[in-house]
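Participant: This is the structure I want to talk about, given as structure tokens.
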Amino acid sequence: MIINAFVEKTAKTMRKFNLLLWFILIFSNYISQSPPTDTTHKENYLSDRDAKFAVSQIVYYCGLEPNFEIVEDYNIKNANAFIKRRKRFIKYNPLFLKRITDSLHTDWAAWSVLAHELGHHLLGHTITKFTVSYEHEIEADKFSGFILYQMGASLDEALICIESEGNPHGSHSHPPLEKRVFAISEGWNQAKNLKNKSITNFKQTDNTNINEELTHRIRFNNELTSYYVNVERQLIWYDNYANAILISTLKDSENKSFKWEFFLEKSKYAIDFKGGIWLLSTHGNNLSVGDTEAIENN
Ligand SMILES: [Zn+2]
């Protein structure tokens with residue numbers, strides 16, 4: 001009995017000790033994992049939420065989903081956009097966003113920064129190797145103005161951040177203030193002009209007076225671009241704004257084997273009577289480089 005009582009007492013003590021051990025372990029774990037309560041971290045949390053909310057709203061106006069990684073970084077000056085391991089990142093310094101929001105008394109300041117960074121992604125700037133490009137900055141600024149108009153910002157609100165933060169002389173990476181103000185205003189006005197405009201109101205942007213009555217389509221081997229011949233025997237190409245661009249003019253060939261000849265990038269080409277396109281060489285070894293097909297006009 002005595003032995004049994006001793007064993008039982010020891011087991012009870014061990015259970016108590018185990019309980020205490022578990023309690024210490026759990027409590028210490030809780031302490032180490034509980035969120036810090038100092039104010040800096042509270043601000044971090046809020047800027048994290050606010051930045052993600054802003055980006056989600058901006059992409060909503062583009063008809064897209066916020067499938068970006070939005071992260072804070074105290075080591076960068078303001079914000080940037082990049083791709084890492086096939087993921088699209090937007091990084092921002094919370095202190096920068098907080099400073100401009102507080103000093104300019106409007107959320108539009110921070111939103112225009114995030115819209116600019118998002119613009120770099122959507123415009124395909126981040127898929128190229130990182131290079132400093134004034135052209136890219138201007139495009140992203142224009143996008144920022146365009147989106148901010150759609151979100152309800154006035155022109156002053158769309159410009160408030162750049163007017164406060166922009167460098168009048170520019171920097172190695174960014175164009176001068178005046179150019180950036182112009183780009184944001186251009187985007188903002190473009191969005192404004194689009195409002196209430198249906199597709200039937202759109203005008204051809206072409207003002208080059210090129211005749212677009214087309215007779216033939218020309219395709220070079222291994223090239224996806226199409227070229228066209230118009231009734232005036234001009235060789236044209238359409239740029240991404242659908243503007244007709246004159247690139248050459250066809251002339252009757254003096255060689256009986258060919259119907260037409262034309263020059264393109266210092267090389268001489270000829271089109272035979274079956275529509276085959278030949279690169280002419282001085283040695284007589286002409287090279288077949290493409291085909292022509294007639295366009296039927298109804
Ligand atoms: Zn930029």
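Labeling convention for the structure tokens: chains A, B, ... as they appear, residues from 1 per chain, ligands from 1 in order of appearance.
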Restrict the calculation to only C-alpha atoms and all ligand atoms, then for each residue of chain A with any atom at most 8 Å from an atom of ligand 1 give the closest atom pair and their distance in Å to one decimal, rows by chain and rising residue number, as CSV.
Facilitator:
```
residue,atom,partner,partner_atom_place_in_ligand_line,distance
A:Asn80,CA,ligand 1,1 (Zn),6.7
A:Ala81,CA,ligand 1,1 (Zn),7.8
A:His116,CA,ligand 1,1 (Zn),6.2
A:Glu117,CA,ligand 1,1 (Zn),5.9
A:His120,CA,ligand 1,1 (Zn),6.6
A:His136,CA,ligand 1,1 (Zn),7.0
A:Glu137,CA,ligand 1,1 (Zn),4.7
A:Ala140,CA,ligand 1,1 (Zn),6.2
A:Asp141,CA,ligand 1,1 (Zn),7.5
A:His174,CA,ligand 1,1 (Zn),7.4
```
Participant: Could you write those residues out with N, CA and C atoms, as a PDB file, in the first residue's frame?
Facilitator:
```
ATOM      1  N   ASN A  80       8.345  50.862 -56.519  1.00  0.00           N
ATOM      2  CA  ASN A  80       8.823  50.323 -57.798  1.00  0.00           C
ATOM      3  C   ASN A  80       8.048  49.064 -58.182  1.00  0.00           C
ATOM      4  N   ALA A  81       8.232  48.667 -59.423  1.00  0.00           N
ATOM      5  CA  ALA A  81       7.524  47.493 -59.959  1.00  0.00           C
ATOM      6  C   ALA A  81       8.548  46.586 -60.627  1.00  0.00           C
ATOM      7  N   HIS A 116       0.794  54.423 -61.076  1.00  0.00           N
ATOM      8  CA  HIS A 116       1.981  54.538 -61.931  1.00  0.00           C
ATOM      9  C   HIS A 116       2.751  53.212 -61.948  1.00  0.00           C
ATOM     10  N   GLU A 117       2.956  52.623 -60.781  1.00  0.00           N
ATOM     11  CA  GLU A 117       3.705  51.356 -60.705  1.00  0.00           C
ATOM     12  C   GLU A 117       2.949  50.218 -61.399  1.00  0.00           C
ATOM     13  N   HIS A 120       3.413  50.325 -65.064  1.00  0.00           N
ATOM     14  CA  HIS A 120       4.652  49.695 -65.565  1.00  0.00           C
ATOM     15  C   HIS A 120       4.404  48.214 -65.867  1.00  0.00           C
ATOM     16  N   HIS A 136       9.237  54.926 -70.787  1.00  0.00           N
ATOM     17  CA  HIS A 136       8.416  54.092 -69.901  1.00  0.00           C
ATOM     18  C   HIS A 136       7.789  54.927 -68.785  1.00  0.00           C
ATOM     19  N   GLU A 137       8.572  55.856 -68.238  1.00  0.00           N
ATOM     20  CA  GLU A 137       8.045  56.685 -67.142  1.00  0.00           C
ATOM     21  C   GLU A 137       6.878  57.537 -67.627  1.00  0.00           C
ATOM     22  N   ALA A 140       3.810  55.334 -68.029  1.00  0.00           N
ATOM     23  CA  ALA A 140       3.209  54.981 -66.725  1.00  0.00           C
ATOM     24  C   ALA A 140       2.502  56.195 -66.117  1.00  0.00           C
ATOM     25  N   ASP A 141       3.065  57.385 -66.322  1.00  0.00           N
ATOM     26  CA  ASP A 141       2.407  58.608 -65.834  1.00  0.00           C
ATOM     27  C   ASP A 141       1.064  58.813 -66.543  1.00  0.00           C
ATOM     28  N   HIS A 174      14.184  59.583 -64.196  1.00  0.00           N
ATOM     29  CA  HIS A 174      12.856  60.145 -64.446  1.00  0.00           C
ATOM     30  C   HIS A 174      12.924  61.482 -65.186  1.00  0.00           C
TER      31      HIS A 174
END
```
Participant: So which residues touch Ser173 of chain A within 10 Å, counting only C-alpha atoms, skipping near sequence neighbours fewer than 6 positions away, as a ChimeraX atom specification?
Facilitator: /A:131-134,137
Participant: Name the residues in contact with segment 279-288 of chain A at a cut-off of 7 Å, using only C-alpha atoms, excluding same-chain residues fewer than 2 positions from it; report them as a list in words.
Facilitator: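 In the requested format, the answer is Lys268, Tyr269, Ala270, Ile277 and Gly290 of chain A.
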Participant: Suppose we keep C-alpha atoms; can you now write the selection as a PDB file, in the first residue's frame?
Facilitator:
```
ATOM      1  CA  LYS A 268      15.480  45.672-104.345  1.00  0.00           C
ATOM      2  CA  TYR A 269      12.504  43.342-104.659  1.00  0.00           C
ATOM      3  CA  ALA A 270      10.356  42.209-107.568  1.00  0.00           C
ATOM      4  CA  ILE A 277       8.098  38.057-104.272  1.00  0.00           C
ATOM      5  CA  GLY A 290       7.270  35.955 -99.994  1.00  0.00           C
TER       6      GLY A 290
END
```
Participant: For atom CA of Pro94 of chain A and atom CA of Asp73 of chain A, determine how far apart the two atoms are, in Å to one decimal place.
Facilitator: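 Pair atom CA of Pro94 of chain A / atom CA of Asp73 of chain A returns 7.4 Å.
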Participant: Atom CA of Gln150 of chain A and atom CA of Phe182 of chain A are how many Å apart?
Facilitator: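 Between these atoms lies a distance of 17.8 Å.
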Participant: Between atom CA of Phe96 of chain A and atom CA of Ile138 of chain A, what is the spacing in Å?
Facilitator: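 Distance between the two atoms: 21.3 Å.
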Participant: Pick the closest to Asp252 of chain A from A:Arg99, A:His121, A:His172, A:Arg233: which is it, counting only C-alpha atoms?
Facilitator: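 Comparing A:Arg99, A:His121, A:His172, A:Arg233 against Asp252 of chain A, the winner is A:Arg233.
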Participant: If you run DSSP on the backbone, which residues of segment 84-268 of chain A are strand (DSSP E or B), as an mmCIF file with C-alpha atoms, in the first residue's frame?
Facilitator:
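Now in result13.cif:
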```cif
data_model
loop_
_atom_site.group_PDB
_atom_site.id
_atom_site.type_symbol
_atom_site.label_atom_id
_atom_site.label_comp_id
_atom_site.auth_asym_id
_atom_site.auth_seq_id
_atom_site.Cartn_x
_atom_site.Cartn_y
_atom_site.Cartn_z
ATOM 1 C CA LYS A 84 10.681 38.010 -59.633
ATOM 2 C CA LYS A 87 5.488 36.944 -60.124
ATOM 3 C CA ARG A 88 4.656 40.616 -60.524
ATOM 4 C CA PHE A 89 5.666 42.713 -57.535
ATOM 5 C CA ILE A 90 4.822 46.221 -56.468
ATOM 6 C CA LYS A 91 7.029 47.472 -53.657
ATOM 7 C CA TYR A 92 6.445 50.648 -51.736
ATOM 8 C CA LEU A 214 -6.283 48.044 -101.137
ATOM 9 C CA THR A 215 -5.583 45.700 -104.036
ATOM 10 C CA HIS A 216 -3.059 43.200 -102.652
ATOM 11 C CA ARG A 217 -1.760 41.782 -99.441
ATOM 12 C CA ILE A 218 1.940 41.030 -99.198
ATOM 13 C CA ARG A 219 3.555 38.619 -96.774
ATOM 14 C CA PHE A 220 7.223 37.901 -96.419
ATOM 15 C CA SER A 226 1.183 41.953 -93.383
ATOM 16 C CA TYR A 227 1.841 44.685 -95.935
ATOM 17 C CA TYR A 228 -0.594 46.016 -98.503
ATOM 18 C CA VAL A 229 -0.632 47.531 -101.962
ATOM 19 C CA ASN A 230 -3.211 50.238 -102.629
ATOM 20 C CA GLN A 234 1.890 52.207 -102.811
ATOM 21 C CA LEU A 235 3.193 49.640 -100.359
ATOM 22 C CA ILE A 236 1.758 50.355 -96.911
ATOM 23 C CA TRP A 237 1.779 48.931 -93.422
ATOM 24 C CA TYR A 238 -0.494 49.580 -90.420
ATOM 25 C CA ALA A 244 -1.389 53.599 -92.678
ATOM 26 C CA ILE A 245 2.364 54.056 -93.085
ATOM 27 C CA LEU A 246 3.872 54.388 -96.550
ATOM 28 C CA ILE A 247 6.994 52.231 -96.857
ATOM 29 C CA SER A 248 7.597 51.989 -100.606
ATOM 30 C CA THR A 249 6.095 52.470 -104.050
ATOM 31 C CA LYS A 251 7.022 50.478 -110.223
ATOM 32 C CA ASP A 252 6.557 48.467 -113.414
ATOM 33 C CA PHE A 258 8.481 40.415 -113.256
ATOM 34 C CA LYS A 259 5.442 42.622 -113.038
ATOM 35 C CA TRP A 260 6.557 45.118 -110.387
ATOM 36 C CA GLU A 261 9.652 46.212 -108.526
ATOM 37 C CA PHE A 262 10.149 48.078 -105.287
ATOM 38 C CA PHE A 263 12.868 49.107 -102.859
ATOM 39 C CA LEU A 264 12.677 48.290 -99.155
ATOM 40 C CA SER A 267 17.179 46.098 -100.996
ATOM 41 C CA LYS A 268 15.480 45.672 -104.345
#
```
Participant: So, with only C-alpha atoms as the atoms that count, which of A:Ile160, A:Leu194, A:Val231, A:Ala109 lies closest to Leu97 of chain A?
Facilitator: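 Ranked by minimum distance to Leu97 of chain A, first place goes to A:Ala109.
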Participant: Using only C-alpha atoms, which of A:Asn221, A:Gln190, A:Asn78, A:Ser47 sits nearest Trp278 of chain A?
Facilitator: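 For Trp278 of chain A, the nearest of the candidates is A:Asn221.
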Participant: Excluding Trp188 of chain A and its own-chain neighbours fewer than 2 positions away, which residues fall within 7 Å of it when counting only C-alpha atoms? Please give them as a list of chain:residue names.
Facilitator: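 So the residues in contact are A:Gly145, A:Phe146, A:Tyr149, A:Leu155, A:Ile184, A:Ser185, A:Glu186, A:Gln190, A:Ala191, A:Lys192.
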